[in-house]
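K.L.:
Got coords37.txt for you, compact mmCIF, C-alpha atoms:
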```
# COMPACT_ATOMS: atom_id res chain seq x y z
CA MET A 218 -171.19 279.66 70.84
CA SER A 219 -168.55 276.98 70.87
CA ARG A 220 -164.84 277.55 71.06
CA PRO A 221 -163.03 277.98 67.71
CA GLY A 222 -160.78 274.91 68.23
CA ALA A 223 -163.41 272.62 69.82
CA HIS A 224 -164.15 270.74 66.57
CA VAL A 225 -160.48 270.03 65.91
CA SER A 226 -159.81 268.80 69.43
CA ARG A 227 -162.84 266.45 69.27
CA GLN A 228 -161.56 264.98 65.98
CA ARG A 229 -158.14 264.52 67.54
CA LYS A 230 -159.67 262.77 70.56
CA ILE A 231 -161.61 260.34 68.34
CA ARG A 232 -158.52 259.71 66.22
CA ASP A 233 -156.41 258.94 69.30
CA GLN A 234 -159.04 256.52 70.63
CA VAL A 235 -159.19 254.68 67.31
CA ALA A 236 -155.40 254.62 66.95
CA GLY A 237 -155.07 253.03 70.38
CA LYS A 238 -157.36 250.12 69.43
CA CYS A 239 -156.05 249.16 66.01
CA PRO A 240 -152.80 249.83 64.13
CA GLY A 241 -152.92 252.57 61.57
CA ILE A 242 -151.51 255.86 60.40
CA VAL A 243 -152.87 259.37 60.10
CA LEU A 244 -152.34 261.14 56.78
CA GLY A 245 -153.77 264.58 56.10
CA GLY A 246 -156.01 264.38 59.16
CA ALA A 247 -157.62 261.12 57.98
CA TYR A 248 -157.05 257.80 59.74
CA TRP A 249 -155.94 254.91 57.53
CA GLN A 250 -155.77 251.36 58.86
CA VAL A 251 -152.55 249.53 57.95
CA MET A 252 -152.95 246.05 56.51
CA LYS A 253 -150.45 243.30 57.18
CA PRO A 254 -148.58 242.15 54.07
CA SER A 255 -149.79 238.80 52.81
CA ARG A 256 -147.40 235.87 52.50
CA ALA A 257 -147.02 234.21 49.16
CA ALA A 258 -148.62 230.78 49.10
CA LYS A 259 -146.43 227.84 48.19
CA ARG A 260 -147.24 226.85 44.66
CA ARG A 261 -147.90 223.23 43.88
CA HIS A 262 -146.53 221.63 40.74
CA LEU A 263 -149.16 220.61 38.22
CA PRO A 264 -148.56 217.34 36.35
CA THR A 265 -149.41 219.00 33.02
CA SER A 266 -146.90 221.85 33.55
CA PRO A 267 -144.10 222.12 30.96
CA PHE A 268 -141.71 223.25 33.73
CA LYS A 269 -139.67 220.97 35.96
CA PRO A 270 -140.94 220.46 39.53
CA PRO A 271 -139.04 222.37 42.24
CA LEU A 272 -136.11 220.59 43.85
CA PRO A 273 -136.66 219.19 47.35
CA ALA A 274 -135.03 221.06 50.23
CA PRO A 275 -131.49 219.90 51.00
CA PRO A 276 -131.13 217.79 54.15
CA VAL A 277 -130.26 219.68 57.33
CA LYS A 278 -126.62 219.27 58.37
CA GLU A 279 -126.10 217.56 61.71
CA PHE A 280 -123.18 218.25 64.03
CA ALA A 281 -122.01 216.50 67.20
CA LEU A 282 -120.04 217.77 70.18
CA GLY A 283 -116.33 218.00 69.39
CA ASP A 284 -116.72 217.99 65.59
CA GLN A 285 -114.09 220.01 63.76
CA VAL A 286 -115.67 222.50 61.38
CA THR A 287 -114.67 225.29 59.07
CA HIS A 288 -116.55 228.53 58.45
CA ASP A 289 -116.07 230.89 55.49
CA LYS A 290 -115.69 233.94 57.77
CA HIS A 291 -114.26 232.59 61.07
CA GLY A 292 -112.01 229.74 59.84
CA LEU A 293 -111.36 226.49 61.75
CA GLY A 294 -113.30 225.69 64.89
CA ARG A 295 -114.69 223.02 67.21
CA VAL A 296 -118.36 222.44 68.10
CA LEU A 297 -119.00 223.18 71.80
CA GLU A 298 -122.78 222.85 71.97
CA VAL A 299 -125.64 221.66 69.77
CA GLU A 300 -129.10 223.03 70.56
CA GLY A 301 -132.03 222.51 68.20
CA GLN A 302 -131.52 224.83 65.24
CA ALA A 303 -128.21 226.37 66.40
CA VAL A 304 -124.61 225.28 66.99
CA LEU A 305 -122.12 227.01 69.31
CA VAL A 306 -118.62 226.87 67.81
CA ASP A 307 -115.27 227.93 69.33
CA PHE A 308 -113.06 229.43 66.62
CA GLY A 309 -110.22 230.30 69.01
CA THR A 310 -110.58 234.09 68.89
CA VAL A 311 -114.37 234.10 69.03
CA LYS A 312 -117.23 231.82 70.06
CA ALA A 313 -120.09 232.07 67.57
CA ARG A 314 -123.63 230.70 67.52
CA ILE A 315 -124.38 229.56 63.97
CA ILE A 316 -128.06 229.15 63.11
CA ALA A 317 -129.43 226.54 60.66
CA PRO A 318 -129.26 226.00 57.65
CA TYR A 319 -125.50 226.38 58.33
CA ALA A 320 -124.79 227.71 54.81
CA LYS A 321 -121.16 228.66 55.54
CA LEU A 322 -120.35 225.91 58.07
CA PHE A 323 -118.77 222.64 56.90
CA LYS A 324 -117.74 219.53 58.84
CA LEU A 325 -114.15 218.35 58.33
```
Kindly transcribe the structure held in the file into structure tokens.

P.N.:
Amino acid sequence: MSRPGAHVSRQRKIRDQVAGKCPGIVLGGAYWQVMKPSRAAKRRHLPTSPFKPPLPAPPVKEFALGDQVTHDKHGLGRVLEVEGQAVLVDFGTVKARIIAPYAKLFKL
């Protein structure tokens, strides 16, 4: 005769092997594989649509070293460094790295 808990431990062993290979969750003793959420596709505007086409994206703001800027939260500051999609600004009390699209950062 087999041990009383042998069946349960074998199920647990199989579940642990499967869980190690692919992401998932265990609910009520059953293994469920978790699917990644899909991203919404960008919709194209049809010429026969009664709605207006979407507005183009606003141009990305460009800053240079030494530019004086103002920020809604930090106040007045000066650009110390420009690197790709981020700007390092010295606001006097704090140095902050502001990431594009620079919604609250304005050049003076």

K.L.:
What's the separation between CA of Leu322 in chain A and CA of Val296 in chain A, in Å to one decimal place?

P.N.:
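One can read the CA of Leu322 in chain A to CA of Val296 in chain A distance as 10.8 Å.
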
K.L.:
For each of A:Pro276, A:Pro271, A:Lys290, A:Leu282, take the minimum atom-to-atom distance to Lys259 in chain A, counting all atoms listed in the file, then give the residue where this is smallest.

P.N.:
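Smallest separation from Lys259 in chain A among the options: A:Pro271.
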
K.L.:
Calculate how many Å separate CA of Val299 in chain A from CA of Pro273 in chain A, rounding to one decimal.

P.N.:
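Separating CA of Val299 in chain A from CA of Pro273 in chain A is a distance of 25.1 Å.
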
K.L.:
Using only C-alpha atoms, which residues sit within 12 Å of Lys278 in chain A once same-chain residues fewer than 4 positions away are excluded, as a list in words?

P.N.:
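Answer for this query is Ala274, Val286, Val299, Gly301, Gln302, Ala303, Val304, Ile315, Ile316, Ala317, Pro318, Tyr319, Ala320, Lys321, Leu322, Phe323 and Lys324 of chain A.
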
K.L.:
Do you know which residues are at most 7 Å from range 308-313 of chain A counting only C-alpha atoms, after dropping those on the same chain fewer than 6 positions away, and could you put them as a list of chain:residue names?

P.N.:
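Answer for this query is A:His291, A:Gly292, A:Leu293, A:Gly294, A:Arg295.
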
K.L.:
Mind writing the picked residues with C-alpha atoms as a short mmCIF file (atom, residue, chain, number, x, y, z; two decimals), in the frame of the given file?

P.N.:
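Generated file (part_29.cif):
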```cif
data_model
loop_
_atom_site.label_atom_id
_atom_site.label_comp_id
_atom_site.auth_asym_id
_atom_site.auth_seq_id
_atom_site.Cartn_x
_atom_site.Cartn_y
_atom_site.Cartn_z
CA HIS A 291 -114.26 232.59 61.07
CA GLY A 292 -112.01 229.74 59.84
CA LEU A 293 -111.36 226.49 61.75
CA GLY A 294 -113.30 225.69 64.89
CA ARG A 295 -114.69 223.02 67.21
#
```

K.L.:
Please report the interatomic distance between CA of Pro275 in chain A and CA of Leu297 in chain A in Å with one decimal.

P.N.:
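So the two atoms, CA of Pro275 in chain A and CA of Leu297 in chain A, lie 24.5 Å apart.
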
K.L.:
Could you write range 277-301 of chain A as a PDB file, keeping the file's coordinate frame, with N, CA and C atoms rebuilt where they are missing?

P.N.:
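Below is the file that was written, rebuild_25.pdb:
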```
ATOM      1  N   VAL A 277    -130.873 218.815  56.328  1.00  0.00           N
ATOM      2  CA  VAL A 277    -130.260 219.680  57.330  1.00  0.00           C
ATOM      3  C   VAL A 277    -128.978 219.017  57.825  1.00  0.00           C
ATOM      4  N   LYS A 278    -127.887 219.801  57.892  1.00  0.00           N
ATOM      5  CA  LYS A 278    -126.620 219.270  58.370  1.00  0.00           C
ATOM      6  C   LYS A 278    -126.723 218.986  59.858  1.00  0.00           C
ATOM      7  N   GLU A 279    -126.089 217.909  60.290  1.00  0.00           N
ATOM      8  CA  GLU A 279    -126.100 217.560  61.710  1.00  0.00           C
ATOM      9  C   GLU A 279    -124.666 217.574  62.228  1.00  0.00           C
ATOM     10  N   PHE A 280    -124.493 218.164  63.402  1.00  0.00           N
ATOM     11  CA  PHE A 280    -123.180 218.250  64.030  1.00  0.00           C
ATOM     12  C   PHE A 280    -123.244 217.631  65.411  1.00  0.00           C
ATOM     13  N   ALA A 281    -122.109 217.091  65.870  1.00  0.00           N
ATOM     14  CA  ALA A 281    -122.010 216.500  67.200  1.00  0.00           C
ATOM     15  C   ALA A 281    -120.979 217.278  68.003  1.00  0.00           C
ATOM     16  N   LEU A 282    -121.012 217.109  69.321  1.00  0.00           N
ATOM     17  CA  LEU A 282    -120.040 217.770  70.180  1.00  0.00           C
ATOM     18  C   LEU A 282    -118.629 217.334  69.799  1.00  0.00           C
ATOM     19  N   GLY A 283    -117.726 218.292  69.703  1.00  0.00           N
ATOM     20  CA  GLY A 283    -116.330 218.000  69.390  1.00  0.00           C
ATOM     21  C   GLY A 283    -116.015 217.923  67.918  1.00  0.00           C
ATOM     22  N   ASP A 284    -116.988 218.016  67.036  1.00  0.00           N
ATOM     23  CA  ASP A 284    -116.720 217.990  65.590  1.00  0.00           C
ATOM     24  C   ASP A 284    -115.854 219.174  65.200  1.00  0.00           C
ATOM     25  N   GLN A 285    -114.870 218.922  64.319  1.00  0.00           N
ATOM     26  CA  GLN A 285    -114.090 220.010  63.760  1.00  0.00           C
ATOM     27  C   GLN A 285    -114.824 220.535  62.544  1.00  0.00           C
ATOM     28  N   VAL A 286    -114.938 221.860  62.471  1.00  0.00           N
ATOM     29  CA  VAL A 286    -115.670 222.500  61.380  1.00  0.00           C
ATOM     30  C   VAL A 286    -114.859 223.655  60.824  1.00  0.00           C
ATOM     31  N   THR A 287    -115.257 224.098  59.665  1.00  0.00           N
ATOM     32  CA  THR A 287    -114.670 225.290  59.070  1.00  0.00           C
ATOM     33  C   THR A 287    -115.797 226.219  58.652  1.00  0.00           C
ATOM     34  N   HIS A 288    -115.555 227.509  58.782  1.00  0.00           N
ATOM     35  CA  HIS A 288    -116.550 228.530  58.450  1.00  0.00           C
ATOM     36  C   HIS A 288    -115.888 229.511  57.492  1.00  0.00           C
ATOM     37  N   ASP A 289    -116.621 229.987  56.501  1.00  0.00           N
ATOM     38  CA  ASP A 289    -116.070 230.890  55.490  1.00  0.00           C
ATOM     39  C   ASP A 289    -115.508 232.171  56.103  1.00  0.00           C
ATOM     40  N   LYS A 290    -116.112 232.671  57.171  1.00  0.00           N
ATOM     41  CA  LYS A 290    -115.690 233.940  57.770  1.00  0.00           C
ATOM     42  C   LYS A 290    -114.721 233.729  58.937  1.00  0.00           C
ATOM     43  N   HIS A 291    -115.010 232.750  59.822  1.00  0.00           N
ATOM     44  CA  HIS A 291    -114.260 232.590  61.070  1.00  0.00           C
ATOM     45  C   HIS A 291    -113.107 231.595  60.969  1.00  0.00           C
ATOM     46  N   GLY A 292    -113.091 230.717  59.990  1.00  0.00           N
ATOM     47  CA  GLY A 292    -112.010 229.740  59.840  1.00  0.00           C
ATOM     48  C   GLY A 292    -112.312 228.435  60.558  1.00  0.00           C
ATOM     49  N   LEU A 293    -111.234 227.788  61.094  1.00  0.00           N
ATOM     50  CA  LEU A 293    -111.360 226.490  61.750  1.00  0.00           C
ATOM     51  C   LEU A 293    -111.927 226.636  63.149  1.00  0.00           C
ATOM     52  N   GLY A 294    -112.730 225.650  63.561  1.00  0.00           N
ATOM     53  CA  GLY A 294    -113.300 225.690  64.890  1.00  0.00           C
ATOM     54  C   GLY A 294    -113.745 224.318  65.355  1.00  0.00           C
ATOM     55  N   ARG A 295    -114.224 224.263  66.616  1.00  0.00           N
ATOM     56  CA  ARG A 295    -114.690 223.020  67.210  1.00  0.00           C
ATOM     57  C   ARG A 295    -116.066 223.261  67.819  1.00  0.00           C
ATOM     58  N   VAL A 296    -116.996 222.316  67.594  1.00  0.00           N
ATOM     59  CA  VAL A 296    -118.360 222.440  68.100  1.00  0.00           C
ATOM     60  C   VAL A 296    -118.355 222.251  69.608  1.00  0.00           C
ATOM     61  N   LEU A 297    -118.905 223.239  70.342  1.00  0.00           N
ATOM     62  CA  LEU A 297    -119.000 223.180  71.800  1.00  0.00           C
ATOM     63  C   LEU A 297    -120.367 222.725  72.271  1.00  0.00           C
ATOM     64  N   GLU A 298    -121.410 223.115  71.521  1.00  0.00           N
ATOM     65  CA  GLU A 298    -122.780 222.850  71.970  1.00  0.00           C
ATOM     66  C   GLU A 298    -123.706 222.754  70.766  1.00  0.00           C
ATOM     67  N   VAL A 299    -124.624 221.808  70.815  1.00  0.00           N
ATOM     68  CA  VAL A 299    -125.640 221.660  69.770  1.00  0.00           C
ATOM     69  C   VAL A 299    -126.988 221.827  70.439  1.00  0.00           C
ATOM     70  N   GLU A 300    -127.783 222.796  69.949  1.00  0.00           N
ATOM     71  CA  GLU A 300    -129.100 223.030  70.560  1.00  0.00           C
ATOM     72  C   GLU A 300    -130.126 223.327  69.468  1.00  0.00           C
ATOM     73  N   GLY A 301    -130.939 222.338  69.159  1.00  0.00           N
ATOM     74  CA  GLY A 301    -132.030 222.510  68.200  1.00  0.00           C
ATOM     75  C   GLY A 301    -131.559 222.993  66.838  1.00  0.00           C
TER      76      GLY A 301
END
```
